[in-house]
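The structure appears below as structure tokens.
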Amino acid sequence: MLGKRFNKLALGSVAGVMLMAAAACGGGGGGTTASEAPTGAASSEAPKGGLKVGLAFDVGGRGDKSFNDAAYAGLEKAKTDLSAEIKELSPSADGSNRGDLLRQLADAGYNPIIGVGFAYAEDIKNAATEYPDIQFAVVDSASNAPNVTGLLFAEEQGSYLAGVAAATKSESGHVGFVGGVESDLIKKFEAGFVAGVKSVKADAKIDIKYLTPDGDFTGFKAPDKGKVAAEKMYQDGADIVYHASGDSGLGVFQAAAAAKKKAIGVDSDQRQTVKETDLQSVILTSMLKRVDVGVFEFIKAFQGGAKGGANVTYDLKVDGVGLSTTGGEIDDIKDKLDAAKKDIVDGKITVPAKP
């Protein structure tokens, strides 16, 4: 079912075990998917002392109503369900102090520590070397050390469903995509979305705009740029715009409201996280990226004594990505979306990860 939380039984085979796989292979950075992880119990040796979890946000920080907030939801669940002491830190606007945040958490005794976003890859690698007794996780980047876990997501699969929804609901046959930063990660969103649109309307027109080039992460916190990009698309005839741009998505929603058009959110159910009521109604659906589940399951596995060194991918098989149904605007095309999801899960459709 689209938009529902992970099946608890499916997750039961993931929690704790996903990190054990890495320990078994000597921390060589081997990969697995959440849906393929072996079953079994994590190590019985629990961390000594109270559970203290540190999390360093990506640019935009807590309150972006999208990617960072999804990660925080997982951290907060660990506080509630696992009695964890939690600490969150946000980087400077340019993200230049990411490494300092990780060291600050490590020196304060937090273990495990999670870096939110692929931009943490190099800093996590360095911190993991400096603090070999601390377990780290990095969202959207592969494991790069025996004490690092890579939390990865099949964004292209969820974006394919977003493309199917956009093409089916579009009256003009013209849609758009706004990416925050022109990186390999955000191109996965673009590739999946375009493939999904084309699967419904091969001749659909798709406008594509990135707010900043690769390496310039301000594109994730530039609502003004998001608004300008989406305004141009709506003026040119697009009636639905999908964004993968973090906090910049607010500008996309503002442009949609002004044009009386629709938009598709990302990462979180943005029809629920966006507080402005006039913007909620323009959000057709959101591509859910269950960073909250990935973060929580990593923490839970650590509490059980599991170690890092592996990559875990959350895909459609375990509802690691999907579409939100808040507002009921895609309820009438549920059968089409479920069929597309099934074809992807069954391997009948291979969604491209590159444009």
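Residue numbering restarts at 1 for every chain of the structure tokens, chains are lettered A, B, ... in their displayed order, and ligands are numbered from 1 as they appear.
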
Report task. From range 166-331 of chain A, collect each residue whose DSSP state is strand (DSSP E or B) and return the set as a VMD selection string. Result -> chain A and resid 174 to 182 205 to 213 240 to 244 262 to 267 283 to 289 311 to 314 321 to 323

If you take only C-alpha atoms and a cut-off of 12 Å, which residues of range 251-280 of chain A touch range 291-294 of chain A, and what are their nearest atom pairs and distances in Å to one decimal, in chain and number order, as JSON lines?
```
{"residue": "A:Val266", "atom": "CA", "partner": "A:Val291", "partner_atom": "CA", "distance": 11.5}
{"residue": "A:Asp267", "atom": "CA", "partner": "A:Val291", "partner_atom": "CA", "distance": 7.7}
{"residue": "A:Ser268", "atom": "CA", "partner": "A:Val291", "partner_atom": "CA", "distance": 8.8}
{"residue": "A:Asp269", "atom": "CA", "partner": "A:Asp292", "partner_atom": "CA", "distance": 11.9}
```

For the interface of range 234-294 of chain A with range 170-189 of chain A (cut-off 10 Å, counting only C-alpha atoms), please tabulate each contacting residue of range 234-294 of chain A alongside its nearest pair of atoms and their separation in Å to one decimal, rows sorted by chain and increasing number, as CSV.
```
residue,atom,partner,partner_atom,distance
A:Tyr234,CA,A:Gly176,CA,8.4
A:Asp236,CA,A:His174,CA,8.9
A:Gly237,CA,A:His174,CA,6.4
A:Ala238,CA,A:His174,CA,4.6
A:Asp239,CA,A:Val175,CA,5.9
A:Ile240,CA,A:Val175,CA,5.0
A:Val241,CA,A:Gly176,CA,4.4
A:Tyr242,CA,A:Phe177,CA,4.8
A:His243,CA,A:Val178,CA,4.6
A:Ala244,CA,A:Gly179,CA,4.9
A:Ser245,CA,A:Gly180,CA,3.8
A:Gly246,CA,A:Gly180,CA,6.8
A:Asp247,CA,A:Gly180,CA,8.9
A:Ser248,CA,A:Gly180,CA,7.0
A:Gly249,CA,A:Val178,CA,8.3
A:Val252,CA,A:Val178,CA,8.1
A:Lys261,CA,A:Ser170,CA,10.0
A:Lys262,CA,A:Ser170,CA,9.1
A:Ala263,CA,A:Gly176,CA,9.1
A:Ile264,CA,A:Phe177,CA,9.3
A:Val266,CA,A:Phe189,CA,9.7
A:Met287,CA,A:Phe189,CA,9.6
```

Set the distance at 7 Å and use only C-alpha atoms: which residues neighbour Tyr110 in chain A once local chain neighbours fewer than 5 positions away are removed? I'd like the list as a PDB file with all heavy atoms, in the first residue's frame.
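Result went into out_4.pdb, see below:
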```pdb
ATOM      1  N   LYS A  52      23.463   7.393  24.049  1.00  0.00           N
ATOM      2  CA  LYS A  52      23.596   8.805  23.701  1.00  0.00           C
ATOM      3  C   LYS A  52      23.797   8.913  22.205  1.00  0.00           C
ATOM      4  O   LYS A  52      24.832   8.471  21.678  1.00  0.00           O
ATOM      5  CB  LYS A  52      24.778   9.446  24.440  1.00  0.00           C
ATOM      6  CG  LYS A  52      24.640   9.512  25.954  1.00  0.00           C
ATOM      7  CD  LYS A  52      25.843  10.170  26.597  1.00  0.00           C
ATOM      8  CE  LYS A  52      26.023  11.610  26.165  1.00  0.00           C
ATOM      9  NZ  LYS A  52      27.139  12.288  26.880  1.00  0.00           N
ATOM     10  N   VAL A  53      22.832   9.486  21.510  1.00  0.00           N
ATOM     11  CA  VAL A  53      22.866   9.527  20.048  1.00  0.00           C
ATOM     12  C   VAL A  53      23.035  10.957  19.563  1.00  0.00           C
ATOM     13  O   VAL A  53      22.281  11.863  19.946  1.00  0.00           O
ATOM     14  CB  VAL A  53      21.569   8.946  19.445  1.00  0.00           C
ATOM     15  CG1 VAL A  53      21.680   8.875  17.925  1.00  0.00           C
ATOM     16  CG2 VAL A  53      21.274   7.570  20.026  1.00  0.00           C
ATOM     17  N   GLY A  54      24.029  11.164  18.708  1.00  0.00           N
ATOM     18  CA  GLY A  54      24.259  12.476  18.131  1.00  0.00           C
ATOM     19  C   GLY A  54      23.886  12.496  16.655  1.00  0.00           C
ATOM     20  O   GLY A  54      24.095  11.508  15.945  1.00  0.00           O
ATOM     21  N   LEU A 105      30.376  16.199  18.748  1.00  0.00           N
ATOM     22  CA  LEU A 105      29.515  15.140  19.280  1.00  0.00           C
ATOM     23  C   LEU A 105      30.345  13.989  19.856  1.00  0.00           C
ATOM     24  O   LEU A 105      30.044  13.452  20.922  1.00  0.00           O
ATOM     25  CB  LEU A 105      28.582  14.625  18.182  1.00  0.00           C
ATOM     26  CG  LEU A 105      27.488  15.599  17.725  1.00  0.00           C
ATOM     27  CD1 LEU A 105      26.821  15.101  16.455  1.00  0.00           C
ATOM     28  CD2 LEU A 105      26.455  15.803  18.825  1.00  0.00           C
TER      29      LEU A 105
END
```

Check which residues of range 153-260 of chain A sit at most 10 Å from range 140-149 of chain A using only C-alpha atoms, and return one row each with the closest pair of atoms and their distance in Å to one decimal, ordered by chain and rising number, as JSON lines.
```
{"residue": "A:Phe153", "atom": "CA", "partner": "A:Asp140", "partner_atom": "CA", "distance": 6.9}
{"residue": "A:Ala154", "atom": "CA", "partner": "A:Asp140", "partner_atom": "CA", "distance": 9.8}
{"residue": "A:Glu155", "atom": "CA", "partner": "A:Asp140", "partner_atom": "CA", "distance": 9.9}
{"residue": "A:Leu185", "atom": "CA", "partner": "A:Asp140", "partner_atom": "CA", "distance": 7.7}
```

Just-selected residues, N, CA, C and O atoms written as a short mmCIF file (atom, residue, chain, number, x, y, z; two decimals), in the first residue's frame:
```cif
data_model
loop_
_atom_site.label_atom_id
_atom_site.label_comp_id
_atom_site.auth_asym_id
_atom_site.auth_seq_id
_atom_site.Cartn_x
_atom_site.Cartn_y
_atom_site.Cartn_z
N PHE A 153 18.94 4.98 -0.14
CA PHE A 153 17.53 4.90 -0.52
C PHE A 153 17.39 4.83 -2.03
O PHE A 153 18.19 5.42 -2.76
N ALA A 154 16.38 4.10 -2.48
CA ALA A 154 16.12 3.99 -3.92
C ALA A 154 15.22 5.15 -4.35
O ALA A 154 14.06 4.97 -4.71
N GLU A 155 15.80 6.35 -4.33
CA GLU A 155 15.02 7.56 -4.66
C GLU A 155 14.42 7.49 -6.05
O GLU A 155 13.34 8.03 -6.30
N LEU A 185 23.19 12.38 -6.63
CA LEU A 185 22.05 11.95 -5.83
C LEU A 185 20.74 12.55 -6.35
O LEU A 185 19.75 11.84 -6.57
#
```

**Report entry** Option closest in space to Phe220 in chain A, from A:Gly251, A:Gly99, A:Gly150, A:Gly109 [counting only C-alpha atoms]
**Finding:**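 Answer, going by the shortest atom-to-atom distance: A:Gly251.
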
Query raised in the report: Near Ala119 in chain A, within 9 Å and counting only C-alpha atoms, which residues show up once chain neighbours fewer than 4 positions away are dropped, as a ChimeraX atom specification?
Result: /A:58,95,98,115,123,140-141,215,217

Query - Which of A:Gly219, A:Gly60, A:Gly50, A:Gly322 sits closest to Tyr160 in chain A [using only C-alpha atoms] - result: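 Going through A:Gly219, A:Gly60, A:Gly50, A:Gly322 one by one, the smallest distance to Tyr160 in chain A is for A:Gly322.
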
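When only C-alpha atoms are used to compute distances to Ala256 in chain A, the closest of the residues A:Ala84, A:Ile134, A:Ile124, A:Ala229 turns out to be A:Ala229.
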